[in-house]
Structure formats: structure tokens, C-alpha cells
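Coordinates from my_file.pdb are shown below (PDB, C-alpha atoms).
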```
ATOM      1  CA  MET N   1     -15.276  21.295  12.648
ATOM      2  CA  ILE N   2     -15.547  22.218   8.969
ATOM      3  CA  SER N   3     -12.435  24.362   9.262
ATOM      4  CA  LYS N   4     -10.560  21.410  10.774
ATOM      5  CA  ILE N   5     -11.705  19.146   7.951
ATOM      6  CA  LEU N   6     -10.497  21.654   5.371
ATOM      7  CA  GLU N   7      -7.216  22.091   7.237
ATOM      8  CA  LEU N   8      -6.514  18.360   7.386
ATOM      9  CA  THR N   9      -7.599  17.916   3.758
ATOM     10  CA  LEU N  10      -5.176  20.624   2.668
ATOM     11  CA  THR N  11      -2.404  19.090   4.785
ATOM     12  CA  GLY N  12      -3.085  15.709   3.209
ATOM     13  CA  MET N  13      -3.023  17.210  -0.280
ATOM     14  CA  VAL N  14       0.318  18.882   0.385
ATOM     15  CA  ARG N  15       1.768  15.602   1.673
ATOM     16  CA  TYR N  16       0.305  13.718  -1.297
ATOM     17  CA  PHE N  17       1.722  16.025  -3.965
ATOM     18  CA  VAL N  18       5.041  16.732  -2.231
ATOM     19  CA  ILE N  19       5.786  12.987  -2.250
ATOM     20  CA  THR N  20       4.114  11.731  -5.434
ATOM     21  CA  VAL N  21       4.993  14.512  -7.875
ATOM     22  CA  PRO N  22       8.818  14.384  -7.456
ATOM     23  CA  VAL N  23       8.739  10.573  -7.577
ATOM     24  CA  PHE N  24       6.579  10.636 -10.707
ATOM     25  CA  VAL N  25       8.745  13.263 -12.413
ATOM     26  CA  VAL N  26      11.938  11.302 -11.739
ATOM     27  CA  PHE N  27      10.673   7.852 -12.786
ATOM     28  CA  TYR N  28       8.169   8.729 -15.499
ATOM     29  CA  ILE N  29       9.717  11.810 -17.134
ATOM     30  CA  VAL N  30      13.276  12.937 -16.325
ATOM     31  CA  LEU N  31      14.995   9.562 -15.886
ATOM     32  CA  LYS N  32      12.456   7.413 -17.691
ATOM     33  CA  LYS N  33      15.025   5.854 -20.033
ATOM     34  CA  ASN N  34      17.493   5.251 -17.208
ATOM     35  CA  PHE N  35      14.897   3.322 -15.212
ATOM     36  CA  LYS N  36      13.548   1.326 -18.158
ATOM     37  CA  LYS N  37      15.044  -1.917 -16.839
ATOM     38  CA  LEU N  38      13.276  -1.376 -13.534
ATOM     39  CA  LYS N  39       9.818  -1.121 -15.149
ATOM     40  CA  ILE N  40       7.510  -3.882 -13.962
ATOM     41  CA  GLN N  41       5.017  -3.728 -16.845
ATOM     42  CA  GLU N  42       6.181  -3.036 -20.381
ATOM     43  CA  ARG N  43       3.140  -1.041 -21.416
ATOM     44  CA  GLU N  44       2.777   2.615 -20.526
ATOM     45  CA  ALA N  45      -0.043   4.199 -18.549
ATOM     46  CA  LYS N  46      -1.829   7.113 -20.207
ATOM     47  CA  LYS N  47      -2.491  10.674 -19.112
ATOM     48  CA  LYS N  48      -6.149   9.887 -18.424
ATOM     49  CA  ASP N  49      -5.030   7.152 -16.024
ATOM     50  CA  PHE N  50      -2.967   9.633 -14.015
ATOM     51  CA  LEU N  51      -5.825  12.139 -13.926
ATOM     52  CA  HIS N  52      -8.190   9.406 -12.749
ATOM     53  CA  GLU N  53      -5.812   8.502  -9.925
ATOM     54  CA  ILE N  54      -5.290  12.100  -8.829
ATOM     55  CA  SER N  55      -8.982  13.065  -8.865
ATOM     56  CA  ASN N  56      -9.986  10.030  -6.818
ATOM     57  CA  SER N  57      -7.120  10.595  -4.412
ATOM     58  CA  LEU N  58      -8.351  14.113  -3.680
ATOM     59  CA  VAL N  59     -11.784  12.721  -2.808
ATOM     60  CA  SER N  60     -10.143  10.108  -0.575
ATOM     61  CA  LEU N  61      -8.140  12.780   1.233
ATOM     62  CA  LEU N  62     -11.340  14.669   2.032
ATOM     63  CA  VAL N  63     -13.007  11.510   3.339
ATOM     64  CA  MET N  64      -9.951  10.619   5.433
ATOM     65  CA  ALA N  65      -9.882  14.129   6.879
ATOM     66  CA  VAL N  66     -13.521  13.771   7.958
ATOM     67  CA  ILE N  67     -12.776  10.469   9.729
ATOM     68  CA  ALA N  68      -9.703  11.967  11.400
ATOM     69  CA  VAL N  69     -11.631  15.004  12.664
ATOM     70  CA  LEU N  70     -14.482  12.851  13.984
ATOM     71  CA  THR N  71     -11.920  10.739  15.814
ATOM     72  CA  ILE N  72      -9.574  13.367  17.218
ATOM     73  CA  PHE N  73     -11.704  16.505  17.615
ATOM     74  CA  THR N  74     -14.869  15.046  19.133
ATOM     75  CA  PRO N  75     -15.559  13.380  22.519
ATOM     76  CA  ILE N  76     -14.600  10.050  20.910
ATOM     77  CA  ILE N  77     -10.954  10.893  21.555
ATOM     78  CA  HIS N  78     -11.487  10.539  25.328
ATOM     79  CA  TYR N  79     -12.188   6.834  24.858
ATOM     80  CA  THR N  80      -8.962   6.231  22.950
ATOM     81  CA  GLN N  81      -5.348   6.004  24.118
ATOM     82  CA  PHE N  82      -4.372   9.286  22.480
ATOM     83  CA  TYR N  83      -2.119  11.478  24.616
ATOM     84  CA  THR N  84      -0.349  14.835  24.254
ATOM     85  CA  GLY N  85       1.805  15.001  27.370
ATOM     86  CA  ASN N  86       4.840  13.116  28.650
ATOM     87  CA  GLU N  87       3.054   9.928  29.620
ATOM     88  CA  TYR N  88       5.493   7.939  27.490
ATOM     89  CA  PRO N  89       9.139   8.541  26.494
ATOM     90  CA  LEU N  90      10.023   9.941  23.071
ATOM     91  CA  TRP N  91      11.222   6.584  21.747
ATOM     92  CA  TRP N  92       7.754   5.165  22.284
ATOM     93  CA  SER N  93       6.399   7.449  19.533
ATOM     94  CA  PHE N  94       8.496   5.547  16.996
ATOM     95  CA  VAL N  95       7.640   2.151  18.457
ATOM     96  CA  ALA N  96       3.934   3.022  18.491
ATOM     97  CA  ALA N  97       4.072   4.048  14.826
ATOM     98  CA  PHE N  98       5.776   0.752  13.955
ATOM     99  CA  ILE N  99       3.191  -1.298  15.866
ATOM    100  CA  ALA N 100       0.421   0.678  14.181
ATOM    101  CA  LEU N 101       1.852  -0.270  10.774
ATOM    102  CA  ILE N 102       1.755  -3.963  11.752
ATOM    103  CA  VAL N 103      -1.849  -3.628  12.922
ATOM    104  CA  HIS N 104      -2.678  -1.748   9.736
ATOM    105  CA  ASP N 105      -1.215  -4.542   7.607
ATOM    106  CA  THR N 106      -3.503  -7.084   9.282
ATOM    107  CA  TYR N 107      -6.538  -4.815   9.018
ATOM    108  CA  PHE N 108      -5.806  -4.016   5.378
ATOM    109  CA  TYR N 109      -5.363  -7.649   4.328
ATOM    110  CA  TRP N 110      -8.775  -8.734   5.559
ATOM    111  CA  MET N 111     -10.527  -5.535   4.520
ATOM    112  CA  HIS N 112      -8.935  -5.912   1.082
ATOM    113  CA  ARG N 113     -10.218  -9.451   0.695
ATOM    114  CA  ILE N 114     -13.711  -8.317   1.685
ATOM    115  CA  VAL N 115     -13.848  -5.567  -0.964
ATOM    116  CA  HIS N 116     -12.774  -8.153  -3.537
ATOM    117  CA  HIS N 117     -15.955 -10.128  -2.889
ATOM    118  CA  ARG N 118     -17.882 -10.356  -6.155
ATOM    119  CA  LYS N 119     -20.950  -8.628  -4.656
ATOM    120  CA  ILE N 120     -18.897  -5.696  -3.358
ATOM    121  CA  PHE N 121     -16.011  -5.281  -5.789
ATOM    122  CA  LYS N 122     -17.678  -3.261  -8.559
ATOM    123  CA  TYR N 123     -19.336  -0.877  -6.101
ATOM    124  CA  VAL N 124     -16.308  -0.210  -3.892
ATOM    125  CA  HIS N 125     -12.931  -1.492  -5.071
ATOM    126  CA  LEU N 126     -13.236  -1.253  -8.856
ATOM    127  CA  THR N 127     -12.243   2.426  -8.753
ATOM    128  CA  HIS N 128      -8.817   1.501  -7.390
ATOM    129  CA  HIS N 129      -8.430  -1.379  -9.847
ATOM    130  CA  LYS N 130      -9.001   0.818 -12.863
ATOM    131  CA  SER N 131      -5.293   1.460 -12.359
ATOM    132  CA  THR N 132      -4.203  -1.858 -13.880
ATOM    133  CA  ASN N 133      -0.754  -0.349 -14.384
ATOM    134  CA  PRO N 134      -0.557   1.912 -11.299
ATOM    135  CA  SER N 135       1.578   4.977 -10.795
ATOM    136  CA  PRO N 136       2.494   6.717  -7.509
ATOM    137  CA  PHE N 137      -0.691   8.793  -7.888
ATOM    138  CA  ALA N 138      -2.769   5.612  -7.375
ATOM    139  CA  SER N 139      -1.756   5.370  -3.710
ATOM    140  CA  TYR N 140      -4.967   7.054  -2.500
ATOM    141  CA  SER N 141      -7.111   6.424  -5.577
ATOM    142  CA  PHE N 142     -10.186   4.964  -3.875
ATOM    143  CA  HIS N 143     -13.947   5.121  -4.163
ATOM    144  CA  ALA N 144     -15.399   7.201  -1.317
ATOM    145  CA  PHE N 145     -16.749   4.038   0.369
ATOM    146  CA  GLU N 146     -13.342   2.395   0.270
ATOM    147  CA  ALA N 147     -11.718   5.604   1.513
ATOM    148  CA  ILE N 148     -13.933   5.329   4.620
ATOM    149  CA  ALA N 149     -12.808   1.739   5.166
ATOM    150  CA  GLU N 150      -9.189   2.773   4.678
ATOM    151  CA  ALA N 151      -9.504   5.714   7.097
ATOM    152  CA  LEU N 152     -11.044   3.636   9.893
ATOM    153  CA  ILE N 153      -7.593   2.306  10.709
ATOM    154  CA  LEU N 154      -6.880   5.579  12.542
ATOM    155  CA  PRO N 155      -9.529   5.188  15.276
ATOM    156  CA  ILE N 156      -8.722   1.470  15.473
ATOM    157  CA  VAL N 157      -5.043   1.995  16.266
ATOM    158  CA  LEU N 158      -5.863   4.852  18.639
ATOM    159  CA  PHE N 159      -8.177   2.583  20.615
ATOM    160  CA  ILE N 160      -5.516  -0.102  21.111
ATOM    161  CA  ILE N 161      -2.143   1.723  21.002
ATOM    162  CA  PRO N 162      -1.050   4.757  23.068
ATOM    163  CA  MET N 163      -0.204   7.354  20.416
ATOM    164  CA  ASN N 164       0.574  11.064  20.397
ATOM    165  CA  PRO N 165       0.567  13.527  17.457
ATOM    166  CA  LEU N 166       4.139  12.557  16.518
ATOM    167  CA  SER N 167       3.420   8.830  16.367
ATOM    168  CA  ILE N 168       0.266   9.470  14.328
ATOM    169  CA  PHE N 169       2.282  11.615  11.925
ATOM    170  CA  LEU N 170       4.983   8.945  11.595
ATOM    171  CA  PHE N 171       2.361   6.240  11.076
ATOM    172  CA  ILE N 172       0.535   8.151   8.325
ATOM    173  CA  LEU N 173       3.702   9.361   6.615
ATOM    174  CA  GLY N 174       5.459   5.996   6.777
ATOM    175  CA  GLY N 175       2.396   4.148   5.502
ATOM    176  CA  PHE N 176       1.969   6.560   2.618
ATOM    177  CA  ILE N 177       5.611   6.349   1.526
ATOM    178  CA  ILE N 178       5.428   2.545   1.499
ATOM    179  CA  ASN N 179       2.154   2.801  -0.419
ATOM    180  CA  VAL N 180       3.777   5.037  -3.039
ATOM    181  CA  TYR N 181       6.535   2.447  -3.459
ATOM    182  CA  GLY N 182       3.922  -0.280  -3.834
ATOM    183  CA  HIS N 183       2.271   1.640  -6.671
ATOM    184  CA  LEU N 184       5.504   2.940  -8.182
ATOM    185  CA  GLY N 185       5.457   0.705 -11.255
ATOM    186  CA  PHE N 186       9.215   0.137 -10.945
ATOM    187  CA  GLU N 187      11.142  -2.360  -8.847
ATOM    188  CA  ILE N 188      13.898  -0.488  -7.022
ATOM    189  CA  MET N 189      14.914  -2.965  -4.340
ATOM    190  CA  PRO N 190      18.698  -3.573  -4.316
ATOM    191  CA  LYS N 191      20.230  -6.823  -5.508
ATOM    192  CA  TRP N 192      21.033  -8.109  -1.989
ATOM    193  CA  PHE N 193      17.397  -7.835  -0.903
ATOM    194  CA  ARG N 194      16.333 -10.883  -2.947
ATOM    195  CA  HIS N 195      18.406 -13.333  -0.885
ATOM    196  CA  SER N 196      17.840 -11.741   2.493
ATOM    197  CA  PHE N 197      15.343 -12.567   5.217
ATOM    198  CA  LEU N 198      13.569  -9.309   4.434
ATOM    199  CA  PHE N 199      12.444 -10.642   1.042
ATOM    200  CA  GLU N 200      10.555 -13.403   2.822
ATOM    201  CA  VAL N 201       8.682 -10.900   4.990
ATOM    202  CA  LEU N 202       8.264  -7.584   3.191
ATOM    203  CA  ASN N 203       6.174  -6.768   0.147
ATOM    204  CA  THR N 204       7.720  -5.224  -2.947
ATOM    205  CA  SER N 205       6.441  -2.993  -5.712
ATOM    206  CA  THR N 206       6.327  -6.103  -7.917
ATOM    207  CA  HIS N 207       4.166  -7.886  -5.359
ATOM    208  CA  HIS N 208       1.464  -5.207  -5.338
ATOM    209  CA  ASN N 209       1.786  -4.439  -9.047
ATOM    210  CA  MET N 210       0.861  -8.051  -9.779
ATOM    211  CA  HIS N 211      -2.284  -7.579  -7.718
ATOM    212  CA  HIS N 212      -3.276  -4.694  -9.974
ATOM    213  CA  SER N 213      -2.510  -6.563 -13.199
ATOM    214  CA  LYS N 214      -3.882  -9.975 -12.155
ATOM    215  CA  PHE N 215      -6.785  -8.721  -9.938
ATOM    216  CA  LYS N 216      -6.348 -11.772  -7.677
ATOM    217  CA  GLY N 217      -3.902 -12.662  -4.931
ATOM    218  CA  ASN N 218      -1.253 -10.543  -3.183
ATOM    219  CA  TYR N 219      -3.715  -8.760  -0.890
ATOM    220  CA  GLY N 220      -1.155  -7.652   1.699
ATOM    221  CA  LEU N 221      -0.078  -4.053   2.183
ATOM    222  CA  TYR N 222       3.336  -3.971   3.857
ATOM    223  CA  LEU N 223       4.083  -7.632   4.511
ATOM    224  CA  ARG N 224       3.891 -10.979   2.703
ATOM    225  CA  VAL N 225       2.971 -12.698   5.975
ATOM    226  CA  TRP N 226      -0.813 -12.927   5.626
ATOM    227  CA  ASP N 227      -0.722 -13.848   1.930
ATOM    228  CA  ARG N 228       1.698 -16.673   2.639
ATOM    229  CA  MET N 229      -0.225 -17.881   5.691
ATOM    230  CA  MET N 230      -3.568 -17.865   3.869
ATOM    231  CA  GLY N 231      -2.268 -19.204   0.553
ATOM    232  CA  THR N 232      -3.260 -16.085  -1.380
ATOM    233  CA  GLU N 233       0.140 -15.032  -2.663
ATOM    234  CA  HIS N 234       0.273 -15.331  -6.451
ATOM    235  CA  PRO N 235       2.268 -18.492  -7.315
ATOM    236  CA  ASP N 236       4.248 -16.606  -9.972
ATOM    237  CA  TYR N 237       5.332 -13.760  -7.706
ATOM    238  CA  VAL N 238       8.886 -14.910  -6.996
ATOM    239  CA  LYS N 239       9.419 -15.930 -10.623
ATOM    240  CA  THR N 240       8.168 -12.535 -11.816
ATOM    241  CA  TYR N 241      10.389 -10.703  -9.333
ATOM    242  CA  ASP N 242      13.411 -12.723 -10.465
ATOM    243  CA  LYS N 243      12.729 -11.947 -14.128
ATOM    244  CA  ILE N 244      12.755  -8.239 -13.363
ATOM    245  CA  GLN N 245      15.987  -8.613 -11.396
ATOM    246  CA  GLU N 246      17.537 -10.571 -14.270
ATOM    247  CA  LYS N 247      16.591  -7.767 -16.642
ATOM    248  CA  ARG N 248      18.091  -5.191 -14.274
ATOM    249  CA  PHE N 249      21.386  -6.892 -13.522
ATOM    250  CA  GLY N 250      21.898  -8.868 -16.728
ATOM    251  CA  GLU N 251      22.230 -12.183 -14.976
ATOM    252  CA  GLU N 252      19.985 -15.078 -14.088
ATOM    253  CA  ASN N 253      18.607 -15.197 -10.592
ATOM    254  CA  LYS N 254      17.496 -18.519  -9.218
ATOM    255  CA  SER N 255      13.745 -18.642  -8.971
ATOM    256  CA  VAL N 256      11.963 -20.563  -6.254
ATOM    257  CA  LYS N 257      10.020 -23.194  -8.147
ATOM    258  CA  VAL N 258       6.549 -23.808  -6.797
ATOM    259  CA  PRO N 259       5.313 -27.404  -7.208
ATOM    260  CA  LEU N 260       2.189 -27.794  -9.344
ATOM    261  CA  THR N 261       0.199 -29.211  -6.428
ATOM    262  CA  VAL N 262       1.028 -26.156  -4.342
ATOM    263  CA  LYS N 263       0.089 -23.838  -7.226
ATOM    264  CA  ARG N 264      -3.324 -25.496  -7.455
ATOM    265  CA  LYS N 265      -3.846 -25.152  -3.710
ATOM    266  CA  ILE N 266      -2.841 -21.483  -3.777
ATOM    267  CA  GLY N 267      -5.012 -20.787  -6.810
ATOM    268  CA  LYS N 268      -8.092 -21.946  -4.928
ATOM    269  CA  ASN N 269      -7.479 -19.332  -2.241
ATOM    270  CA  LEU N 270      -6.739 -16.355  -4.477
ATOM    271  CA  LEU N 271     -10.314 -15.063  -4.408
TER     272      LEU N 271
END
```
As C-alpha cells, please, write out the structure in this file.
Amino acid sequence: MISKILELTLTGMVRYFVITVPVFVVFYIVLKKNFKKLKIQEREAKKKDFLHEISNSLVSLLVMAVIAVLTIFTPIIHYTQFYTGNEYPLWWSFVAAFIALIVHDTYFYWMHRIVHHRKIFKYVHLTHHKSTNPSPFASYSFHAFEAIAEALILPIVLFIIPMNPLSIFLFILGGFIINVYGHLGFEIMPKWFRHSFLFEVLNTSTHHNMHHSKFKGNYGLYLRVWDRMMGTEHPDYVKTYDKIQEKRFGEENKSVKVPLTVKRKIGKNLL
């Protein structure tokens, strides 16, 4: 079991660095000046911030590996819907991964709100929020307790969704890539995205970056759905996104003005 934990930890580390390092090098070093207009926050993060994010991410990867091994390589797996044969067609692996991401978004929203409770926050979630201006390295920067809560999504989806090794891989990889975008620190969505249906549904890097800088609101992971339903989306999100787009494209984008009464109602639900 220990060897499996080490194996999965190493695999997670490889995935983590293979994705985050090139992204960081491109946006924060090589093409830093080129992407200046895409920067969400004007101030720069420091080297100690990056080291903090990396060190905590390595701890999180170990914790996640332990949860994965306890789920997949113990008798627990027989009570899940995990399969390795041809019980389902190949296309189902992709559908299962997509459904798992939707389930994960719901799980994450409510778990995220719980760890923001004033009696829990400083013991569990504060580690992640020390990245007030997050970089891609912050994607897995959790306290060990929060890493456990994050990792529990794997047994949850396996209990309710038929998944094989491929669908699990797609789920973990897809979720991590989206997470890296959420912590990127730059808004890279194309111009057309703002006035599409997708903008009304999907989160952006700006959306999650505001959560890190404001500490309240915007609790969703992949989607805006739960924040909008529960009134916890920051009232200045759309306006902030439009300002960044205006800076990028040199033209004024129409912001969606939120009435003062609605802002007050939303503000009450941010915690």
C-alpha cells in the first residue's frame, strides 16, 4: 500500500509540474510583458508566495494519493461502481468524466462555503487564502485537512457514477487544468466569450481571482450556477471582468449594472 501511495504521489507531482511550470514560465517570465493587459491584479506576487504554493501542493498531493489508494486498492472499491472491463462503451468514459465534473462542482461549492465558516476558516482554508494573488502553483495549495476534503470527491463520484481508469484520469486531469486556469492570474478568455451563453454558466479566472482578493463570494469551482442561485456571486464580478476586457481590447464593453437593492441582497449571502 505504501508503494502505491508513493507511486500515485509521484504521478500527481509529475502532472502538477508538467502543467503548472510551462504555464507559469510563459505567463510570468517569458511573455510577461506581452500578457500585461491580461493581468487581473496589478500587483505582483513574490517568490515566497510561489514557494508557499508549491510546498503546500506537494503535501496535498500526498494526502490525495492516500485517499485514492484507500478508495481504489482496498475492499472499498467493491462497493463502488468502478469497472475495468467492457461493461460500458468507450464514449461513456468521456461522459462519466463530464458528469463527475458537474458533481464535483456541486460538492466543491458547499464544501467551500463550510470551510469559510469563521470557526473553521483559520484552521483549514486560510492556507489556500494566503495566496491573495494566486498563481498556477496555487491550484493544489491546501492545508492537509482541506486536502482530505478535496480528495473525498473521488470516492463520492465512484459510488454514484460508473467509472473506469480512463474516466478517472480524464476527470482528474480536466479538473486540474480548469483549476490552473482559475488560479492563473490572467484573463485569457476570447472576446466573443463575454456575450455568449457560456459566460452565464462557466467560471472564469477573474471570477475565482476575485474570491482570493475579496475573501468572500464566488465560491464555485467550474460553474457560476450555484453562486448565482444562492446569491453569493460578488456583485462587482461582471463589472470587473468587463474592465479587464476593456483594457485588453482597447474598447468599452457594456457592463451589466446590478441594482443597489440586489447588491445589498447578494452582500448578505456572501459569507
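Closest approach to Asn34 in chain N from the set N:Tyr222, N:Phe186, N:Tyr181, N:Tyr16 is made by N:Phe186, with distances taken over only C-alpha atoms.
Using all atoms listed in the file, the nearest neighbour of Glu42 in chain N within the list N:Asn133, N:Ser139, N:Asn56, N:Thr80 is N:Asn133.
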>> Starting from the PyMOL selection byres ((chain N and resi 61) around 12), expand the selection into actual residues of this file and give them as a VMD selection string.
In response: chain N and resid 5 to 17 54 to 60 62 to 68 139 to 144 146 to 148 150 to 151 176
Store the residues picked out above in a file with C-alpha atoms, as a tab-separated table (two decimals), in the frame of the given file.
```
chain	number	residue	atom	x	y	z
N	5	ILE	CA	-11.70	19.15	7.95
N	6	LEU	CA	-10.50	21.65	5.37
N	7	GLU	CA	-7.22	22.09	7.24
N	8	LEU	CA	-6.51	18.36	7.39
N	9	THR	CA	-7.60	17.92	3.76
N	10	LEU	CA	-5.18	20.62	2.67
N	11	THR	CA	-2.40	19.09	4.78
N	12	GLY	CA	-3.08	15.71	3.21
N	13	MET	CA	-3.02	17.21	-0.28
N	14	VAL	CA	0.32	18.88	0.38
N	15	ARG	CA	1.77	15.60	1.67
N	16	TYR	CA	0.30	13.72	-1.30
N	17	PHE	CA	1.72	16.02	-3.96
N	54	ILE	CA	-5.29	12.10	-8.83
N	55	SER	CA	-8.98	13.06	-8.86
N	56	ASN	CA	-9.99	10.03	-6.82
N	57	SER	CA	-7.12	10.60	-4.41
N	58	LEU	CA	-8.35	14.11	-3.68
N	59	VAL	CA	-11.78	12.72	-2.81
N	60	SER	CA	-10.14	10.11	-0.57
N	62	LEU	CA	-11.34	14.67	2.03
N	63	VAL	CA	-13.01	11.51	3.34
N	64	MET	CA	-9.95	10.62	5.43
N	65	ALA	CA	-9.88	14.13	6.88
N	66	VAL	CA	-13.52	13.77	7.96
N	67	ILE	CA	-12.78	10.47	9.73
N	68	ALA	CA	-9.70	11.97	11.40
N	139	SER	CA	-1.76	5.37	-3.71
N	140	TYR	CA	-4.97	7.05	-2.50
N	141	SER	CA	-7.11	6.42	-5.58
N	142	PHE	CA	-10.19	4.96	-3.88
N	143	HIS	CA	-13.95	5.12	-4.16
N	144	ALA	CA	-15.40	7.20	-1.32
N	146	GLU	CA	-13.34	2.40	0.27
N	147	ALA	CA	-11.72	5.60	1.51
N	148	ILE	CA	-13.93	5.33	4.62
N	150	GLU	CA	-9.19	2.77	4.68
N	151	ALA	CA	-9.50	5.71	7.10
N	176	PHE	CA	1.97	6.56	2.62
```
With 5 Å on each side, where is the centre of the axis-aligned box around all listed atoms of range 236-248 of chain N, and how long are its edges in Å to one decimal, as AutoDock Vina command-line options?
```
--center_x 11.2 --center_y -10.9 --center_z -11.8 --size_x 23.8 --size_y 21.4 --size_z 19.6
```
Selection near His112 in chain N, 10 Å with all atoms listed in the file, sequence-local residues under 2 positions removed, as an mmCIF file with C-alpha atoms, in the coordinates of the input:
```
data_model
loop_
_atom_site.group_PDB
_atom_site.id
_atom_site.type_symbol
_atom_site.label_atom_id
_atom_site.label_comp_id
_atom_site.auth_asym_id
_atom_site.auth_seq_id
_atom_site.Cartn_x
_atom_site.Cartn_y
_atom_site.Cartn_z
ATOM 1 C CA THR N 106 -3.503 -7.084 9.282
ATOM 2 C CA TYR N 107 -6.538 -4.815 9.018
ATOM 3 C CA PHE N 108 -5.806 -4.016 5.378
ATOM 4 C CA TYR N 109 -5.363 -7.649 4.328
ATOM 5 C CA TRP N 110 -8.775 -8.734 5.559
ATOM 6 C CA ILE N 114 -13.711 -8.317 1.685
ATOM 7 C CA VAL N 115 -13.848 -5.567 -0.964
ATOM 8 C CA HIS N 116 -12.774 -8.153 -3.537
ATOM 9 C CA HIS N 117 -15.955 -10.128 -2.889
ATOM 10 C CA PHE N 121 -16.011 -5.281 -5.789
ATOM 11 C CA HIS N 125 -12.931 -1.492 -5.071
ATOM 12 C CA GLU N 146 -13.342 2.395 0.270
ATOM 13 C CA ALA N 149 -12.808 1.739 5.166
ATOM 14 C CA GLU N 150 -9.189 2.773 4.678
ATOM 15 C CA ASN N 218 -1.253 -10.543 -3.183
ATOM 16 C CA TYR N 219 -3.715 -8.760 -0.890
ATOM 17 C CA GLY N 220 -1.155 -7.652 1.699
ATOM 18 C CA LEU N 221 -0.078 -4.053 2.183
#
```
>> Please expand the PyMOL selection byres ((chain N and resi 28) around 12) into the concrete residues it hits in this file, giving the result as a PyMOL selection string.
In response: chain N and resi 20-27+29-36+38-39+44-47+50+134-137+184-186
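Between CA of Leu198 in chain N and CA of Ile99 in chain N the interatomic distance comes to 17.4 Å.
Taking CA of His212 in chain N as the reference point, CA of His129 in chain N is found at 6.1 Å.
Note that CA of Glu53 in chain N and CA of Lys130 in chain N are 8.8 Å apart.
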> From the list N:Val18, N:Glu200, N:Thr232, N:Pro155, which residue is nearest Ile76 in chain N when using only C-alpha atoms?
Replying inline: N:Pro155
